[in-house]
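Q: Following this line is run.txt, made up of compact mmCIF, C-alpha atoms:
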# COMPACT_ATOMS: atom_id res chain seq x y z
CA MET P 20 87.95 88.43 96.44
CA LYS P 21 88.27 92.09 97.42
CA GLU P 22 89.31 94.23 94.44
CA ASN P 23 92.29 96.58 94.45
CA ARG P 24 91.24 100.21 94.68
CA ILE P 25 93.12 103.47 94.26
CA HIS P 26 93.61 105.19 97.60
CA LEU P 27 95.47 108.31 96.41
CA LYS P 28 97.46 109.80 93.53
CA VAL P 29 100.84 111.19 94.63
CA LYS P 30 103.61 113.13 92.91
CA ASP P 31 107.32 112.42 93.34
CA HIS P 32 108.23 115.80 94.86
CA SER P 33 111.95 115.04 95.27
CA VAL P 34 113.31 113.85 91.93
CA SER P 35 111.22 113.04 88.88
CA GLY P 36 107.95 114.95 89.22
CA GLU P 37 106.15 111.80 88.06
CA THR P 38 102.76 110.82 89.47
CA PHE P 39 102.07 107.43 91.06
CA GLU P 40 98.98 105.72 92.42
CA LEU P 41 98.65 104.18 95.87
CA ILE P 42 96.61 100.99 95.57
CA GLU P 43 95.19 99.13 98.56
CA ASN P 44 96.45 95.56 98.89
CA PRO P 45 93.34 93.34 99.15
CA ILE P 46 95.00 90.75 101.43
CA PHE P 47 97.05 92.71 103.97
CA GLY P 48 95.59 96.21 103.70
CA PHE P 49 98.80 98.16 103.12
CA LEU P 50 99.08 100.52 100.14
CA GLU P 51 101.26 99.72 97.14
CA THR P 52 102.98 102.31 94.96
CA SER P 53 102.02 101.77 91.33
CA PRO P 54 103.73 101.49 88.98
CA GLN P 55 106.84 100.38 90.85
CA PRO P 56 110.17 101.26 89.21
CA LYS P 57 112.16 98.42 87.73
CA ALA P 58 115.07 97.32 89.93
CA GLU P 59 117.72 98.64 87.55
CA LYS P 60 116.13 102.11 87.54
CA LEU P 61 115.22 102.43 91.22
CA SER P 62 118.59 103.94 92.21
CA GLU P 63 117.89 106.92 89.92
CA TYR P 64 115.06 107.99 92.24
CA TYR P 65 117.45 108.25 95.20
CA LYS P 66 119.56 111.00 93.64
CA THR P 67 118.20 113.72 95.88
CA GLU P 68 119.49 115.80 98.78
CA ASP P 69 116.32 114.90 100.69
CA TYR P 70 117.99 111.58 101.55
CA ILE P 71 119.89 112.90 104.55
CA SER P 72 120.49 109.38 105.94
CA HIS P 73 123.13 108.91 103.20
CA THR P 74 125.34 111.77 104.43
CA ASP P 75 126.75 113.25 107.62
CA ALA P 76 126.41 116.81 106.24
CA LYS P 77 124.68 119.68 108.10
CA ARG P 78 124.22 122.16 105.24
CA ASN P 79 120.80 123.62 106.06
CA ILE P 80 118.13 123.80 108.75
CA LEU P 81 116.50 120.54 107.68
CA GLU P 82 119.78 118.63 107.96
CA LYS P 83 120.61 120.27 111.30
CA VAL P 84 117.19 119.32 112.69
CA TYR P 85 117.62 115.78 111.34
CA HIS P 86 120.99 115.29 113.06
CA LEU P 87 119.73 116.77 116.36
CA VAL P 88 116.76 114.41 116.35
CA ARG P 89 118.98 111.50 115.31
CA SER P 90 121.24 111.96 118.33
CA ILE P 91 118.22 111.71 120.65
CA SER P 92 116.73 108.80 118.69
CA LEU P 93 119.99 106.84 118.89
CA LYS P 94 119.79 106.80 122.68
CA ARG P 95 116.20 105.56 122.55
CA LYS P 96 117.01 102.87 119.99
CA LEU P 97 119.93 101.66 122.11
CA LYS P 98 117.73 101.59 125.21
CA LEU P 99 115.19 99.48 123.30
CA ILE P 100 117.64 96.79 122.13
CA ASN P 101 119.32 96.72 125.56
CA SER P 102 115.94 95.95 127.14
CA PHE P 103 116.08 92.39 125.76
CA SER P 104 117.83 89.63 127.70
CA PHE P 105 119.97 87.60 125.31
CA GLU P 106 123.04 85.55 126.16
CA GLU P 107 124.58 86.71 122.90
CA LYS P 108 124.20 90.24 121.61
CA LYS P 109 124.32 89.91 117.84
CA LEU P 110 122.71 92.71 115.84
CA LEU P 111 122.00 93.18 112.15
CA ASP P 112 120.89 96.64 111.01
CA ILE P 113 119.43 96.61 107.50
CA GLY P 114 119.63 99.92 105.64
CA CYS P 115 122.06 101.25 108.22
CA GLY P 116 122.86 104.50 106.38
CA THR P 117 126.06 106.09 107.69
CA GLY P 118 126.29 103.59 110.56
CA ASP P 119 125.61 105.72 113.65
CA PHE P 120 123.25 103.18 115.24
CA LEU P 121 125.74 100.37 114.63
CA GLN P 122 128.54 102.48 116.10
CA VAL P 123 126.70 103.25 119.33
CA SER P 124 125.55 99.61 119.60
CA LYS P 125 129.11 98.38 119.14
CA GLN P 126 130.26 100.73 121.89
CA ASN P 127 127.67 99.00 124.11
CA ASN P 128 129.05 95.48 123.55
CA TRP P 129 126.87 94.39 120.63
CA GLN P 130 128.42 92.36 117.83
CA VAL P 131 127.24 94.37 114.84
CA SER P 132 126.72 93.85 111.13
CA GLY P 133 125.00 96.14 108.67
CA ILE P 134 123.53 96.19 105.18
CA GLU P 135 123.60 99.41 103.15
CA PRO P 136 123.05 99.58 99.36
CA ASN P 137 124.28 103.18 98.97
CA GLN P 138 128.03 103.17 98.36
CA GLN P 139 128.72 106.61 99.82
CA ALA P 140 126.83 105.85 103.03
CA ARG P 141 128.40 102.37 103.25
CA GLU P 142 131.92 103.80 103.08
CA ILE P 143 131.14 106.21 105.93
CA ALA P 144 129.55 103.41 107.97
CA ASN P 145 132.52 101.08 107.52
CA LYS P 146 134.83 103.64 109.08
CA LYS P 147 132.65 103.52 112.19
CA THR P 148 132.22 99.72 112.40
CA GLU P 149 135.57 98.23 111.35
CA ASN P 150 134.24 97.21 107.93
CA ASN P 151 131.17 95.32 109.13
CA VAL P 152 128.76 96.94 106.66
CA PHE P 153 128.02 95.13 103.41
CA GLU P 154 126.14 95.38 100.13
CA ILE P 155 122.63 93.95 99.89
CA GLU P 156 123.89 90.69 98.33
CA GLN P 157 125.47 89.74 101.66
CA LEU P 158 122.02 89.24 103.15
CA GLN P 159 121.76 85.87 101.39
CA LYS P 160 125.23 84.83 102.63
CA PHE P 161 124.73 85.16 106.39
CA LYS P 162 124.26 81.87 108.23
CA LYS P 163 120.72 80.96 109.25
CA HIS P 164 119.68 81.92 112.80
CA SER P 165 122.70 84.22 113.22
CA PHE P 166 121.15 87.22 114.97
CA ASN P 167 119.26 87.96 118.18
CA VAL P 168 118.05 91.32 116.90
CA ILE P 169 117.45 92.59 113.37
CA THR P 170 116.50 96.24 112.93
CA LEU P 171 114.97 98.11 109.99
CA TRP P 172 114.69 101.81 110.80
CA HIS P 173 112.49 103.24 108.02
CA VAL P 174 113.69 100.60 105.58
CA LEU P 175 110.89 98.04 105.10
CA GLU P 176 108.91 100.47 102.96
CA HIS P 177 111.82 100.61 100.48
CA LEU P 178 112.28 96.88 99.91
CA PRO P 179 111.01 95.13 96.77
CA ASN P 180 109.67 91.56 96.99
CA LEU P 181 108.24 92.30 100.42
CA GLU P 182 107.02 88.86 101.51
CA ASN P 183 110.21 87.20 100.33
CA GLN P 184 112.28 89.70 102.31
CA ILE P 185 110.33 88.97 105.48
CA SER P 186 110.98 85.24 105.02
CA ILE P 187 114.71 86.00 104.81
CA PHE P 188 114.61 88.09 108.00
CA LYS P 189 112.85 85.27 109.83
CA SER P 190 115.47 82.75 108.69
CA LEU P 191 118.30 84.97 109.95
CA LEU P 192 116.77 85.42 113.41
CA LYS P 193 117.44 83.03 116.25
CA LYS P 194 114.51 81.31 117.93
CA ASN P 195 112.71 83.95 120.02
CA GLY P 196 114.84 86.63 118.37
CA VAL P 197 113.37 90.07 117.78
CA LEU P 198 112.76 92.03 114.60
CA ILE P 199 112.36 95.78 115.09
CA VAL P 200 110.64 97.64 112.27
CA ALA P 201 110.04 101.40 112.12
CA VAL P 202 107.75 102.65 109.34
CA PRO P 203 105.52 105.66 108.61
CA ASN P 204 101.85 105.30 109.46
CA TYR P 205 99.47 106.56 106.76
CA LYS P 206 96.60 106.67 109.27
CA SER P 207 98.24 109.38 111.37
CA TYR P 208 96.76 112.87 111.65
CA ASP P 209 99.62 114.54 109.74
CA ALA P 210 99.20 112.00 106.90
CA LYS P 211 95.49 112.79 106.66
CA HIS P 212 96.16 116.53 106.88
CA TYR P 213 98.77 116.70 104.11
CA LYS P 214 97.25 113.92 101.95
CA ASN P 215 99.18 113.70 98.65
CA PHE P 216 101.74 116.20 99.97
CA TRP P 217 102.59 114.03 103.00
CA ALA P 218 106.37 113.64 102.75
CA ALA P 219 106.42 110.16 104.28
CA LEU P 220 104.66 108.77 101.19
CA ASP P 221 107.90 109.52 99.31
CA VAL P 222 106.93 107.76 96.08
CA PRO P 223 108.37 105.84 94.33
CA ARG P 224 111.19 105.23 96.85
CA HIS P 225 108.57 104.01 99.30
CA LEU P 226 107.06 100.99 97.60
CA TRP P 227 104.67 100.16 100.47
CA HIS P 228 102.69 102.25 102.96
CA PHE P 229 101.63 100.60 106.22
CA ASN P 230 99.08 100.87 108.98
CA GLN P 231 99.04 98.86 112.21
CA ASP P 232 96.70 96.11 111.04
CA SER P 233 98.70 95.50 107.87
CA ILE P 234 101.96 95.03 109.80
CA VAL P 235 100.34 92.59 112.23
CA SER P 236 98.81 90.46 109.46
CA LEU P 237 101.87 90.61 107.21
CA PHE P 238 104.19 89.18 109.86
CA ALA P 239 101.62 86.75 111.25
CA LYS P 240 101.88 84.93 107.94
CA GLU P 241 105.47 84.01 108.95
CA ASN P 242 104.43 83.07 112.49
CA MET P 243 105.94 86.27 113.85
CA LYS P 244 104.01 88.22 116.48
CA VAL P 245 103.92 91.96 117.14
CA ILE P 246 104.50 92.18 120.89
CA LYS P 247 104.87 95.95 121.27
CA ILE P 248 104.15 99.12 119.28
CA LEU P 249 106.02 102.32 120.17
CA PRO P 250 105.64 105.91 118.90
CA MET P 251 108.26 107.97 117.08
CA GLN P 252 107.01 111.40 118.09
CA PHE P 253 109.77 113.46 116.48
CA ASP P 254 108.77 112.14 113.05
CA ALA P 255 105.55 114.15 113.06
CA TYR P 256 107.54 117.41 113.22
CA TYR P 257 110.21 116.45 110.71
CA VAL P 258 107.74 115.00 108.19
CA SER P 259 105.47 118.04 108.57
CA LEU P 260 108.40 120.35 107.88
CA LEU P 261 109.16 118.55 104.62
CA SER P 262 105.45 118.29 103.76
CA GLU P 263 105.09 122.06 104.07
CA LYS P 264 107.97 122.44 101.63
CA TYR P 265 106.20 120.21 99.10
CA LYS P 266 102.83 121.88 99.61
CA SER P 267 103.77 125.55 99.63
CA GLY P 268 107.32 125.74 98.30
CA PHE P 269 108.92 126.63 101.64
CA MET P 270 109.21 124.83 104.98
CA ASN P 271 107.00 127.13 107.09
CA PRO P 272 108.39 125.84 110.43
CA ILE P 273 105.69 127.44 112.60
CA LYS P 274 102.83 125.73 110.77
CA ALA P 275 104.80 122.48 110.49
CA PHE P 276 105.43 122.48 114.25
CA TRP P 277 101.72 123.06 114.90
CA ILE P 278 100.63 120.17 112.67
CA GLY P 279 103.28 117.91 114.25
CA PHE P 280 102.07 118.91 117.71
CA LEU P 281 98.44 118.25 116.79
CA SER P 282 99.34 114.88 115.29
CA ASN P 283 101.09 113.74 118.47
CA ARG P 284 98.34 115.09 120.73
CA LYS P 285 95.61 113.28 118.79
CA ALA P 286 97.73 110.11 118.72
CA LYS P 287 97.74 109.95 122.52
CA ARG P 288 94.16 108.70 122.17
CA SER P 289 94.17 107.06 118.76
CA LYS P 290 97.73 105.61 118.97
CA GLU P 291 98.09 106.58 115.30
CA TYR P 292 101.46 108.34 115.48
CA SER P 293 103.21 109.63 112.35
CA SER P 294 105.69 106.75 112.55
CA LEU P 295 105.59 103.62 114.67
CA ILE P 296 108.14 101.09 115.90
CA TYR P 297 106.97 97.49 115.85
CA VAL P 298 108.72 94.96 118.09
CA ILE P 299 108.12 91.58 116.45
CA LYS P 300 109.05 88.25 118.05
CA ASN P 301 110.15 85.29 115.99
CA GLY P 302 107.92 82.27 116.67
Could you rewrite the structure in this file as structure tokens?
A:
Amino acid sequence: MKENRIHLKVKDHSVSGETFELIENPIFGFLETSPQPKAEKLSEYYKTEDYISHTDAKRNILEKVYHLVRSISLKRKLKLINSFSFEEKKLLDIGCGTGDFLQVSKQNNWQVSGIEPNQQAREIANKKTENNVFEIEQLQKFKKHSFNVITLWHVLEHLPNLENQISIFKSLLKKNGVLIVAVPNYKSYDAKHYKNFWAALDVPRHLWHFNQDSIVSLFAKENMKVIKILPMQFDAYYVSLLSEKYKSGFMNPIKAFWIGFLSNRKAKRSKEYSSLIYVIKNG
């Protein structure tokens, strides 16, 4: 059997200053954060202003850029889910943050439900969705085969008990339903450039770090097939901006833009974009 090996040592730049190891999983090939925080302590690592998805604030340039990009991304996400032909349009968004994607989906005739562990974000989201956003415990209470589409926008990397979670997602999807997963790609150019300063590693909040092969093999185990892989080009710029902050102490937008541009240009050939969207069909 292939032995685990340390891929990289990475510091928690946002909260604790602690150092973690990224260890290659010998079966699926993704990287695991080690040690992983115990469940009861994990929430302590989220007490940081870097988690913009938990607020609607626009207090600084990073937050303003985030919300500008989010408004464009929402249109693309909606276009993606509307491209599927389902008789029913039932959507579950896991880790829905402040509920903007659910809100725009609801306005486009989707029946929406959301899961959001963060209380502050959940309260904001419920105002936008008529109280259709729930705590994580609700995931076990939904009826089997309830949804045509389940989305996880930069959420899978946060979830403990990874294989068990994927089994739950499969059980909640209808036959031929679609799971949409967006995650950072540690084989992108910006990841290789910034190495242990790459903001999308985000240890220990990110428990897992994926590449394309690992996603394909991980879901194949549940008889789920990746049918399409799409780029998230804006992520290269945003992640580079935050990576510059971690590396040099300030954001350095000119250099960050250049690295983001290079990453996207190189990815046109390699297909290794900073973040990728996987469209996964339930078998």
Q: Point out the residue among P:Trp172, P:Phe153, P:Tyr205, P:Tyr64 with the least atom-to-atom distance to His26 of chain P, counting all atoms listed in the file.
A: P:Tyr205
Q: Taking (123.6, 93.9, 111.7) in the file's own coordinates, collect the residues within 7 Å, counting all atoms listed in the file, and hand them back as a ChimeraX atom specification.
A: /P:110-113,131-134,169
Q: Could you please determine the separation between atom CA of Phe229 of chain P and atom CA of Leu99 of chain P in Å, to one decimal place?
A: 21.8 Å
Q: Residues at most 9 Å from segment 192-200 of chain P, counting all atoms listed in the file, excluding those fewer than 4 positions away in the same chain, as a compact mmCIF listing (two decimals) with C-alpha atoms, in the frame of the given file?
A:
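To be explicit, this is the file written out as around35.txt:
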# COMPACT_ATOMS: atom_id res chain seq x y z
CA ILE P 100 117.64 96.79 122.13
CA PHE P 103 116.08 92.39 125.76
CA PHE P 105 119.97 87.60 125.31
CA LYS P 163 120.72 80.96 109.25
CA HIS P 164 119.68 81.92 112.80
CA SER P 165 122.70 84.22 113.22
CA PHE P 166 121.15 87.22 114.97
CA ASN P 167 119.26 87.96 118.18
CA VAL P 168 118.05 91.32 116.90
CA ILE P 169 117.45 92.59 113.37
CA THR P 170 116.50 96.24 112.93
CA LEU P 171 114.97 98.11 109.99
CA TRP P 172 114.69 101.81 110.80
CA HIS P 173 112.49 103.24 108.02
CA VAL P 174 113.69 100.60 105.58
CA LEU P 175 110.89 98.04 105.10
CA ILE P 187 114.71 86.00 104.81
CA PHE P 188 114.61 88.09 108.00
CA MET P 243 105.94 86.27 113.85
CA LEU P 295 105.59 103.62 114.67
CA ILE P 296 108.14 101.09 115.90
CA TYR P 297 106.97 97.49 115.85
CA VAL P 298 108.72 94.96 118.09
CA ILE P 299 108.12 91.58 116.45
CA LYS P 300 109.05 88.25 118.05
CA ASN P 301 110.15 85.29 115.99
CA GLY P 302 107.92 82.27 116.67
Q: Quick one: residues within 8 Å of (132.3, 101.0, 112.8) (file frame), counting all atoms listed in the file, please, as a list of chain:residue names.
A: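 All residues meeting the 8 Å criterion around (132.3, 101.0, 112.8) are P:Gly118, P:Leu121, P:Gln122, P:Lys125, P:Ala144, P:Asn145, P:Lys146, P:Lys147, P:Thr148, P:Glu149, P:Asn150, P:Asn151.
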Q: Report, in Å to a single decimal, how far apart atom CA of Asn128 of chain P and atom CA of Arg89 of chain P are.
A: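 Answer for the atom CA of Arg89 of chain P to atom CA of Asn128 of chain P separation: 20.6 Å.
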Q: From the list P:Asn215, P:Ser233, P:Ser207, P:Ser267, which residue is nearest Ser282 of chain P when using only C-alpha atoms?
A: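 Of P:Asn215, P:Ser233, P:Ser207, P:Ser267, the one nearest Ser282 of chain P is P:Ser207, counting only C-alpha atoms.
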Q: Hey, can you check how far atom CA of Val258 of chain P sits from atom CA of Gly279 of chain P?
A: 8.1 Å
Q: Extract, using all atoms listed in the file, all DNA, RNA and protein residues at most 9 Å from Pro179 of chain P, discarding same-chain residues fewer than 4 positions from it, and format them as a VMD selection string.
A: chain P and resid 55 58 175 183 to 184 226 to 227
Q: Please determine, counting all atoms listed in the file, which residue among P:Leu97, P:Val88, P:Ile185, P:Ile143 has the shortest atom-to-atom distance to Ala239 of chain P.
A: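 Ranked by minimum distance to Ala239 of chain P, first place goes to P:Ile185.
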Q: Between P:Val123, P:Ala255, P:Ala275, P:Ile42, which one has atoms that come closest to Pro54 of chain P, using only C-alpha atoms?
A: P:Ile42
Q: Could you give me, as a list of chain:residue names, the residues within 8 Å of Tyr65 of chain P, counting all atoms listed in the file and dropping anything in the same chain fewer than 3 positions from it?
A: P:Val34, P:Leu61, P:Ser62, P:Tyr70, P:Arg224
Q: Tell me which protein, DNA and RNA residues are within 9 Å of Gln231 of chain P, counting all atoms listed in the file, leaving out same-chain ones fewer than 5 positions away, and put them as a JSON list (two decimals) with C-alpha atoms, in the coordinates of the input.
A:
[["chain", "number", "residue", "atom", "x", "y", "z"],
["P", 204, "ASN", "CA", 101.85, 105.30, 109.46],
["P", 206, "LYS", "CA", 96.60, 106.67, 109.27],
["P", 236, "SER", "CA", 98.81, 90.46, 109.46],
["P", 248, "ILE", "CA", 104.15, 99.12, 119.28],
["P", 291, "GLU", "CA", 98.09, 106.58, 115.30],
["P", 295, "LEU", "CA", 105.59, 103.62, 114.67],
["P", 297, "TYR", "CA", 106.97, 97.49, 115.85]]
Q: Find the spatial neighbours of segment 259-264 of chain P, counting only C-alpha atoms, within a cut-off of 9 Å - ignore same-chain residues fewer than 4 positions away - and output them as a list of chain:residue names.
A: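 Selected residues are P:Asp69, P:Leu81, P:Asp209, P:Ala210, P:Tyr213, P:Phe216, P:Trp217, P:Ala218, P:Ala219, P:Asp254, P:Ala255, P:Gly268, P:Phe269, P:Met270, P:Asn271, P:Pro272, P:Ile273, P:Lys274, P:Ala275, P:Phe276, P:Trp277, P:Ile278, P:Gly279.
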Q: Between P:Ser92, P:Asn137, P:Asn180, P:Gln159, which residue has the minimum interatomic distance to Ala201 of chain P, considering only C-alpha atoms?
A: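 Smallest separation from Ala201 of chain P among the options: P:Ser92.
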Q: Of the candidates P:Ser186, P:Ser104, P:Thr38, P:Ser289, which one gets nearest to Asn242 of chain P if we count all atoms listed in the file?
A: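 Residue with the minimum atom-to-atom distance to Asn242 of chain P: P:Ser186.
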